[in-house]
$ cat coords.tsv   # TSV, C-alpha atoms
chain	number	residue	atom	x	y	z
A	1	MET	CA	-60.82	1.48	3.94
A	2	THR	CA	-63.18	-1.49	3.57
A	3	TRP	CA	-66.07	0.86	2.86
A	4	LYS	CA	-64.10	2.80	0.25
A	5	ILE	CA	-63.24	-0.48	-1.47
A	6	LEU	CA	-66.84	-1.68	-1.34
A	7	GLY	CA	-68.01	1.77	-2.47
A	8	SER	CA	-65.75	1.56	-5.53
A	9	LEU	CA	-67.21	-1.84	-6.38
A	10	VAL	CA	-70.84	-0.72	-5.88
A	11	ALA	CA	-70.23	2.47	-7.91
A	12	GLY	CA	-68.79	0.31	-10.68
A	13	VAL	CA	-71.77	-2.07	-10.64
A	14	CYS	CA	-74.21	0.87	-10.78
A	15	GLY	CA	-72.21	2.45	-13.60
A	16	GLY	CA	-72.19	-0.85	-15.46
A	17	LEU	CA	-75.95	-1.28	-15.02
A	18	LEU	CA	-76.64	2.25	-16.29
A	19	LEU	CA	-74.10	2.38	-19.12
A	20	ASN	CA	-74.34	-1.27	-20.09
A	21	LEU	CA	-70.88	-1.28	-21.65
A	22	PRO	CA	-70.13	-3.77	-24.36
A	23	GLY	CA	-67.94	-6.34	-22.55
A	24	GLY	CA	-64.59	-4.93	-23.40
A	25	GLU	CA	-61.01	-5.71	-24.29
A	26	ALA	CA	-60.17	-2.19	-23.12
A	27	LEU	CA	-61.53	-2.92	-19.65
A	28	SER	CA	-59.42	-6.05	-19.32
A	29	LEU	CA	-56.30	-4.09	-20.36
A	30	VAL	CA	-57.08	-1.48	-17.69
A	31	THR	CA	-57.61	-4.30	-15.17
A	32	ASP	CA	-54.25	-5.89	-16.03
A	33	LEU	CA	-52.41	-2.58	-15.71
A	34	ALA	CA	-54.14	-1.78	-12.41
A	35	LEU	CA	-53.25	-5.25	-11.09
A	36	ALA	CA	-49.61	-4.72	-12.09
A	37	ALA	CA	-49.52	-1.32	-10.32
A	38	LEU	CA	-51.15	-2.90	-7.27
A	39	LEU	CA	-48.57	-5.68	-7.10
A	40	PHE	CA	-45.77	-3.13	-7.62
A	41	ALA	CA	-47.04	-1.19	-4.59
A	42	VAL	CA	-47.23	-4.33	-2.44
A	43	GLY	CA	-43.75	-5.41	-3.57
A	44	PHE	CA	-42.44	-1.95	-2.80
A	45	SER	CA	-43.80	-1.92	0.74
A	46	LEU	CA	-42.32	-5.39	1.33
A	47	GLY	CA	-38.97	-4.20	-0.02
A	48	GLU	CA	-38.99	-1.25	2.39
A	49	ASP	CA	-38.83	-3.65	5.35
A	50	PRO	CA	-35.15	-4.48	6.02
A	51	GLU	CA	-36.07	-7.38	8.35
A	52	LEU	CA	-38.41	-9.11	5.88
A	53	TRP	CA	-36.36	-12.28	5.28
A	54	LYS	CA	-35.89	-12.83	8.98
A	55	LYS	CA	-39.65	-12.51	9.48
A	56	VAL	CA	-40.44	-14.85	6.57
A	57	ARG	CA	-38.06	-17.47	8.00
A	58	SER	CA	-39.89	-17.18	11.32
A	59	LEU	CA	-43.12	-18.45	9.73
A	60	PRO	CA	-43.99	-21.91	11.14
A	61	PRO	CA	-43.41	-24.82	8.68
A	62	ILE	CA	-47.17	-25.49	8.57
A	63	SER	CA	-47.46	-22.28	6.53
A	64	LEU	CA	-46.43	-24.28	3.45
A	65	ALA	CA	-49.65	-26.28	3.85
A	66	VAL	CA	-51.88	-23.19	4.02
A	67	PRO	CA	-53.03	-23.14	0.34
A	68	PHE	CA	-53.88	-26.85	0.52
A	69	LEU	CA	-55.86	-26.33	3.73
A	70	ILE	CA	-57.69	-23.46	2.03
A	71	ALA	CA	-58.45	-25.69	-0.97
A	72	LEU	CA	-59.76	-28.48	1.25
A	73	GLY	CA	-61.73	-26.09	3.48
A	74	SER	CA	-63.32	-24.37	0.47
A	75	ILE	CA	-64.45	-27.67	-1.05
A	76	LEU	CA	-65.73	-29.06	2.27
A	77	GLY	CA	-67.46	-25.78	3.16
A	78	ALA	CA	-69.24	-25.61	-0.19
A	79	THR	CA	-70.25	-29.28	0.08
A	80	VAL	CA	-71.77	-28.84	3.54
A	81	THR	CA	-73.62	-25.59	2.73
A	82	GLY	CA	-74.63	-27.14	-0.62
A	83	LEU	CA	-76.54	-29.78	1.33
A	84	LEU	CA	-78.55	-26.94	2.92
A	85	CYS	CA	-79.56	-25.87	-0.61
A	86	ARG	CA	-80.32	-29.49	-1.52
A	87	MET	CA	-77.53	-29.59	-4.05
A	88	ALA	CA	-75.76	-32.77	-5.12
A	89	PRO	CA	-72.59	-32.85	-2.94
A	90	GLY	CA	-70.30	-33.36	-5.94
A	91	GLU	CA	-71.71	-30.33	-7.75
A	92	ALA	CA	-71.42	-28.10	-4.68
A	93	ALA	CA	-67.82	-29.28	-4.25
A	94	LEU	CA	-67.13	-28.40	-7.89
A	95	VAL	CA	-68.46	-24.85	-7.39
A	96	GLY	CA	-66.29	-24.49	-4.26
A	97	SER	CA	-63.19	-25.62	-6.13
A	98	GLY	CA	-63.07	-22.34	-8.06
A	99	PHE	CA	-61.25	-20.96	-4.97
A	100	GLY	CA	-62.43	-17.44	-5.85
A	101	TRP	CA	-61.09	-17.43	-9.41
A	102	TYR	CA	-64.55	-16.87	-10.87
A	103	SER	CA	-63.69	-16.33	-14.53
A	104	LEU	CA	-61.67	-19.49	-15.00
A	105	SER	CA	-63.76	-21.86	-12.87
A	106	ALA	CA	-67.01	-20.67	-14.48
A	107	VAL	CA	-65.68	-21.17	-18.01
A	108	LEU	CA	-64.24	-24.62	-17.23
A	109	ILE	CA	-67.48	-25.80	-15.62
A	110	ALA	CA	-69.75	-24.29	-18.30
A	111	GLN	CA	-67.68	-25.76	-21.14
A	112	SER	CA	-67.19	-29.28	-19.93
A	113	TYR	CA	-69.96	-29.93	-17.42
A	114	ASP	CA	-73.05	-27.74	-17.26
A	115	VAL	CA	-73.81	-24.14	-18.22
A	116	ALA	CA	-76.13	-23.44	-15.27
A	117	LEU	CA	-73.58	-24.79	-12.79
A	118	GLY	CA	-70.93	-22.67	-14.51
A	119	THR	CA	-73.06	-19.57	-13.88
A	120	LEU	CA	-73.53	-20.60	-10.25
A	121	ALA	CA	-69.74	-20.99	-9.94
A	122	LEU	CA	-69.30	-17.51	-11.44
A	123	LEU	CA	-71.66	-15.90	-8.92
A	124	THR	CA	-70.39	-17.93	-5.94
A	125	ASN	CA	-66.78	-17.05	-6.60
A	126	ILE	CA	-67.59	-13.36	-7.22
A	127	PHE	CA	-69.43	-13.31	-3.88
A	128	ARG	CA	-66.43	-15.02	-2.28
A	129	GLU	CA	-64.22	-12.16	-3.43
A	130	ILE	CA	-66.70	-9.58	-2.06
A	131	LEU	CA	-66.99	-11.46	1.27
A	132	ALA	CA	-63.19	-11.57	1.44
A	133	ILE	CA	-62.92	-7.80	0.93
A	134	LEU	CA	-65.51	-7.23	3.66
A	135	PHE	CA	-64.35	-9.77	6.24
A	136	ILE	CA	-60.55	-10.08	5.97
A	137	PRO	CA	-60.12	-7.41	8.70
A	138	THR	CA	-62.52	-9.28	11.02
A	139	VAL	CA	-60.93	-12.67	10.31
A	140	ALA	CA	-57.44	-11.24	10.97
A	141	LYS	CA	-58.65	-9.90	14.31
A	142	TYR	CA	-60.46	-12.98	15.64
A	143	PHE	CA	-58.90	-15.97	13.83
A	144	GLY	CA	-55.28	-14.86	13.47
A	145	LYS	CA	-53.16	-13.48	10.68
A	146	ALA	CA	-52.71	-16.76	8.76
A	147	ALA	CA	-56.49	-17.28	8.62
A	148	ALA	CA	-56.87	-13.85	6.98
A	149	VAL	CA	-55.23	-15.37	3.89
A	150	ALA	CA	-58.09	-17.91	3.55
A	151	PRO	CA	-61.20	-15.90	2.47
A	152	GLY	CA	-59.57	-14.55	-0.70
A	153	GLY	CA	-58.54	-18.01	-1.96
A	154	ALA	CA	-56.74	-17.61	-5.29
A	155	THR	CA	-57.25	-13.81	-5.18
A	156	ALA	CA	-54.81	-13.60	-2.24
A	157	MET	CA	-52.11	-13.07	-4.89
A	158	ASP	CA	-53.80	-10.02	-6.43
A	159	VAL	CA	-57.03	-8.23	-5.47
A	160	THR	CA	-57.17	-9.26	-1.81
A	161	LEU	CA	-53.37	-9.18	-1.27
A	162	PRO	CA	-53.20	-5.47	-0.32
A	163	ILE	CA	-56.12	-5.98	2.07
A	164	VAL	CA	-54.35	-8.88	3.80
A	165	ALA	CA	-51.14	-6.81	3.86
A	166	ALA	CA	-52.93	-3.81	5.42
A	167	HIS	CA	-54.50	-5.87	8.21
A	168	THR	CA	-51.63	-8.26	9.05
A	169	ASP	CA	-47.86	-7.92	8.51
A	170	GLY	CA	-45.12	-8.37	5.89
A	171	ARG	CA	-44.58	-12.07	6.42
A	172	THR	CA	-48.32	-12.77	6.17
A	173	ALA	CA	-48.39	-10.76	2.92
A	174	ILE	CA	-45.70	-13.10	1.57
A	175	LEU	CA	-47.73	-16.09	2.80
A	176	ALA	CA	-50.82	-14.65	1.04
A	177	PHE	CA	-48.96	-14.24	-2.24
A	178	TYR	CA	-47.58	-17.78	-2.01
A	179	SER	CA	-50.98	-19.21	-1.11
A	180	GLY	CA	-52.82	-17.30	-3.85
A	181	THR	CA	-50.27	-18.46	-6.43
A	182	VAL	CA	-50.57	-22.13	-5.44
A	183	LEU	CA	-54.38	-21.92	-5.44
A	184	SER	CA	-54.34	-20.26	-8.89
A	185	ILE	CA	-52.27	-23.18	-10.16
A	186	LEU	CA	-54.65	-25.65	-8.47
A	187	VAL	CA	-57.89	-24.29	-10.04
A	188	PRO	CA	-57.20	-25.58	-13.59
A	189	ILE	CA	-56.13	-28.93	-12.09
A	190	VAL	CA	-58.81	-29.54	-9.45
A	191	VAL	CA	-61.85	-28.28	-11.41
A	192	PRO	CA	-61.30	-30.64	-14.39
A	193	PHE	CA	-60.44	-33.47	-11.98
A	194	LEU	CA	-63.74	-33.07	-10.09
A	195	ILE	CA	-65.62	-32.83	-13.41
A	196	GLN	CA	-64.06	-36.16	-14.43
A	197	LEU	CA	-65.19	-37.74	-11.16
A	198	LEU	CA	-68.73	-36.38	-11.62
A	199	GLN	CA	-68.97	-37.69	-15.17
A	200	ARG	CA	-68.14	-41.27	-14.25
B	201	MET	CA	-49.51	-14.53	-13.69
B	202	ALA	CA	-46.02	-13.64	-15.04
B	203	LEU	CA	-47.10	-9.97	-15.18
B	204	LEU	CA	-48.17	-10.07	-11.52
B	205	ILE	CA	-45.03	-11.79	-10.27
B	206	GLY	CA	-42.88	-9.44	-12.39
B	207	ALA	CA	-44.64	-6.36	-10.98
B	208	LEU	CA	-44.23	-7.61	-7.40
B	209	LEU	CA	-40.52	-8.30	-7.90
B	210	LEU	CA	-40.01	-4.95	-9.65
B	211	GLY	CA	-41.66	-3.13	-6.73
B	212	PHE	CA	-39.52	-5.09	-4.29
B	213	ALA	CA	-36.32	-4.29	-6.24
B	214	ALA	CA	-37.29	-0.62	-6.56
B	215	ALA	CA	-37.55	-0.37	-2.77
B	216	ARG	CA	-34.38	-2.37	-2.02
B	217	LEU	CA	-32.21	-0.66	-4.62
B	218	ARG	CA	-33.73	2.79	-3.94
B	219	LEU	CA	-34.60	3.26	-7.59
B	220	LEU	CA	-37.33	5.83	-6.92
B	221	PRO	CA	-36.58	9.49	-6.17
B	222	GLU	CA	-36.86	10.23	-2.46
B	223	ALA	CA	-39.98	12.38	-2.95
B	224	TRP	CA	-41.90	9.49	-4.56
B	225	ARG	CA	-41.20	6.84	-1.96
B	226	GLY	CA	-43.95	7.90	0.41
B	227	LYS	CA	-46.49	8.04	-2.39
B	228	VAL	CA	-46.36	4.35	-3.35
B	229	PRO	CA	-48.94	3.17	-0.77
B	230	ALA	CA	-51.38	5.84	-2.01
B	231	LEU	CA	-50.79	4.57	-5.55
B	232	GLY	CA	-51.61	1.08	-4.30
B	233	ASN	CA	-54.85	2.26	-2.72
B	234	LEU	CA	-55.90	4.22	-5.78
B	235	THR	CA	-55.28	1.29	-8.11
B	236	LEU	CA	-57.23	-0.98	-5.77
B	237	PHE	CA	-60.22	1.39	-5.96
B	238	ALA	CA	-59.83	1.63	-9.76
B	239	LEU	CA	-59.63	-2.16	-9.98
B	240	LEU	CA	-62.77	-2.75	-7.94
B	241	PHE	CA	-64.58	-0.04	-9.88
B	242	SER	CA	-63.67	-1.69	-13.19
B	243	LEU	CA	-64.64	-5.11	-11.77
B	244	GLY	CA	-67.99	-3.56	-10.83
B	245	LEU	CA	-68.38	-2.06	-14.30
B	246	SER	CA	-67.79	-5.39	-15.99
B	247	LEU	CA	-70.17	-7.18	-13.58
B	248	GLY	CA	-72.90	-4.55	-13.94
B	249	SER	CA	-72.65	-4.64	-17.73
B	250	ASN	CA	-72.74	-8.43	-17.86
B	251	GLN	CA	-76.32	-9.37	-18.80
B	252	GLU	CA	-75.68	-13.04	-18.09
B	253	ILE	CA	-74.75	-12.31	-14.46
B	254	ILE	CA	-77.60	-9.86	-13.84
B	255	ALA	CA	-80.13	-12.25	-15.37
B	256	ALA	CA	-78.89	-15.17	-13.24
B	257	LEU	CA	-79.05	-13.29	-9.91
B	258	PRO	CA	-82.74	-13.83	-9.03
B	259	ALA	CA	-82.59	-17.59	-9.60
B	260	LEU	CA	-79.07	-18.39	-8.40
B	261	GLY	CA	-78.09	-15.45	-6.18
B	262	LEU	CA	-79.18	-16.87	-2.82
B	263	ARG	CA	-77.61	-20.26	-3.48
B	264	ALA	CA	-74.38	-18.52	-4.57
B	265	VAL	CA	-74.32	-16.47	-1.34
B	266	VAL	CA	-74.80	-19.60	0.79
B	267	LEU	CA	-72.06	-21.50	-1.07
B	268	SER	CA	-69.62	-18.57	-0.92
B	269	VAL	CA	-70.17	-18.27	2.84
B	270	GLY	CA	-69.44	-22.02	3.03
B	271	THR	CA	-66.13	-21.70	1.15
B	272	VAL	CA	-65.02	-18.77	3.32
B	273	LEU	CA	-65.99	-20.41	6.63
B	274	GLY	CA	-64.52	-23.81	5.67
B	275	SER	CA	-61.17	-22.38	4.59
B	276	VAL	CA	-60.87	-19.96	7.53
B	277	LEU	CA	-61.68	-22.73	10.03
B	278	LEU	CA	-59.13	-25.19	8.65
B	279	VAL	CA	-56.31	-22.60	8.61
B	280	TRP	CA	-57.31	-21.40	12.08
B	281	LEU	CA	-57.26	-24.97	13.46
B	282	ALA	CA	-53.92	-25.71	11.78
B	283	SER	CA	-52.30	-22.51	13.02
B	284	GLY	CA	-53.36	-23.53	16.53
B	285	LEU	CA	-51.60	-26.89	16.04
B	286	GLY	CA	-48.49	-25.40	14.47
B	287	GLY	CA	-47.80	-23.02	17.32
B	288	ARG	CA	-50.15	-20.11	17.87
B	289	ARG	CA	-49.00	-16.84	16.46
B	290	PRO	CA	-48.64	-13.67	18.49
$ encode --input "coords.tsv" --output "structure tokens"
Amino acid sequence: MTWKILGSLVAGVCGGLLLNLPGGEALSLVTDLALAALLFAVGFSLGEDPELWKKVRSLPPISLAVPFLIALGSILGATVTGLLCRMAPGEAALVGSGFGWYSLSAVLIAQSYDVALGTLALLTNIFREILAILFIPTVAKYFGKAAAVAPGGATAMDVTLPIVAAHTDGRTAILAFYSGTVLSILVPIVVPFLIQLLQR
Amino acid sequence: MALLIGALLLGFAAARLRLLPEAWRGKVPALGNLTLFALLFSLGLSLGSNQEIIAALPALGLRAVVLSVGTVLGSVLLVWLASGLGGRRP
């Protein structure tokens, strides 16, 4: 499954390199429709489980904190590894605060802070999504189901949601959707906030 | 975001209320897989066609890989530690 997903991505990149499509409205419409179909399928499989509510209620209360732990862990992780690359800690933290939502974080950073750092945020958050696709099964196996929600960050509500669902269970899929939604709301709040701090 | 939440709820309702013909029910997961492949393919297409991204890779690629590994490790570790504190899951 992971290899088929990665294969689709690699085939797309190769196709894009060869064809060099003009960046398209049509492509984003296709993407939106595919995302909607994907979420429909996940919703459907959750609806098929008659015991779902009971399982969701059995989640420990700390589950509510999961998106905030993911936000904090992403920022701290980027700051620490940023030091390895001799980056200013604040700038590395800013790149990490995209939480995987590469398009939005890159635009926000490029527009109101620095174009080069915006491009770095774009690449970093794209790679985060690819790492998530590759390693969610491994993380679920060795670090527990809740931790499998973490690699995808904000994408746990869309692209990486079916992967989390396939490698964990229904209640973790609900947790992933909740966490991805909260993180998606946090990106346009935290990124501008960190930019403000950096510009002082 | 509204589109995504709407689609999820619609799928959920379709399963609960048995809105789909019996013969289609088993095919929904395959639809999910196919759309995931289509989605990643189209993501790849838009990345591969994006000159800005391709041009930035040699200079920024390694740094981006290191930072993305940092975000994944940091977030996984915090959730793992917290789920240990909050009662380990089966």
$ atom_distance --input "coords.tsv" --atom1 "CA of Leu9 (chain A)" --atom2 "CA of Val228 (chain B)"
22.0 Å
$ atom_distance --input "coords.tsv" --atom1 "CA of Gly12 (chain A)" --atom2 "CA of Phe241 (chain B)"
4.3 Å
$ interface_residues --input "coords.tsv" --of "chain B" --to "chain A" --cutoff "6 Å" --atoms "only C-alpha atoms" --output "VMD selection string"
chain B and resid 204 207 to 208 211 to 212 215 to 216 228 232 235 237 239 to 241 244 to 245 248 to 249 264 267 to 268 270 to 272 274 to 276 278 to 280
$ write_last_selection --input "coords.tsv" --atoms "C-alpha atoms" --output "mmCIF file, in the frame of the given file"
data_model
loop_
_atom_site.group_PDB
_atom_site.id
_atom_site.type_symbol
_atom_site.label_atom_id
_atom_site.label_comp_id
_atom_site.auth_asym_id
_atom_site.auth_seq_id
_atom_site.Cartn_x
_atom_site.Cartn_y
_atom_site.Cartn_z
ATOM 1 C CA LEU B 204 -48.170 -10.070 -11.520
ATOM 2 C CA ALA B 207 -44.640 -6.360 -10.980
ATOM 3 C CA LEU B 208 -44.230 -7.610 -7.400
ATOM 4 C CA GLY B 211 -41.660 -3.130 -6.730
ATOM 5 C CA PHE B 212 -39.520 -5.090 -4.290
ATOM 6 C CA ALA B 215 -37.550 -0.370 -2.770
ATOM 7 C CA ARG B 216 -34.380 -2.370 -2.020
ATOM 8 C CA VAL B 228 -46.360 4.350 -3.350
ATOM 9 C CA GLY B 232 -51.610 1.080 -4.300
ATOM 10 C CA THR B 235 -55.280 1.290 -8.110
ATOM 11 C CA PHE B 237 -60.220 1.390 -5.960
ATOM 12 C CA LEU B 239 -59.630 -2.160 -9.980
ATOM 13 C CA LEU B 240 -62.770 -2.750 -7.940
ATOM 14 C CA PHE B 241 -64.580 -0.040 -9.880
ATOM 15 C CA GLY B 244 -67.990 -3.560 -10.830
ATOM 16 C CA LEU B 245 -68.380 -2.060 -14.300
ATOM 17 C CA GLY B 248 -72.900 -4.550 -13.940
ATOM 18 C CA SER B 249 -72.650 -4.640 -17.730
ATOM 19 C CA ALA B 264 -74.380 -18.520 -4.570
ATOM 20 C CA LEU B 267 -72.060 -21.500 -1.070
ATOM 21 C CA SER B 268 -69.620 -18.570 -0.920
ATOM 22 C CA GLY B 270 -69.440 -22.020 3.030
ATOM 23 C CA THR B 271 -66.130 -21.700 1.150
ATOM 24 C CA VAL B 272 -65.020 -18.770 3.320
ATOM 25 C CA GLY B 274 -64.520 -23.810 5.670
ATOM 26 C CA SER B 275 -61.170 -22.380 4.590
ATOM 27 C CA VAL B 276 -60.870 -19.960 7.530
ATOM 28 C CA LEU B 278 -59.130 -25.190 8.650
ATOM 29 C CA VAL B 279 -56.310 -22.600 8.610
ATOM 30 C CA TRP B 280 -57.310 -21.400 12.080
#
$ atom_distance --input "coords.tsv" --atom1 "CA of Ile174 (chain A)" --atom2 "CA of Val56 (chain A)"
7.5 Å
$ residues_near_point --input "coords.tsv" --point "(-49.0, -7.0, 12.3)" --cutoff "12 Å" --atoms "only C-alpha atoms" --output "PyMOL selection string"
(chain A and resi 55+137+140-141+144-146+148+164-173) or (chain B and resi 289-290)
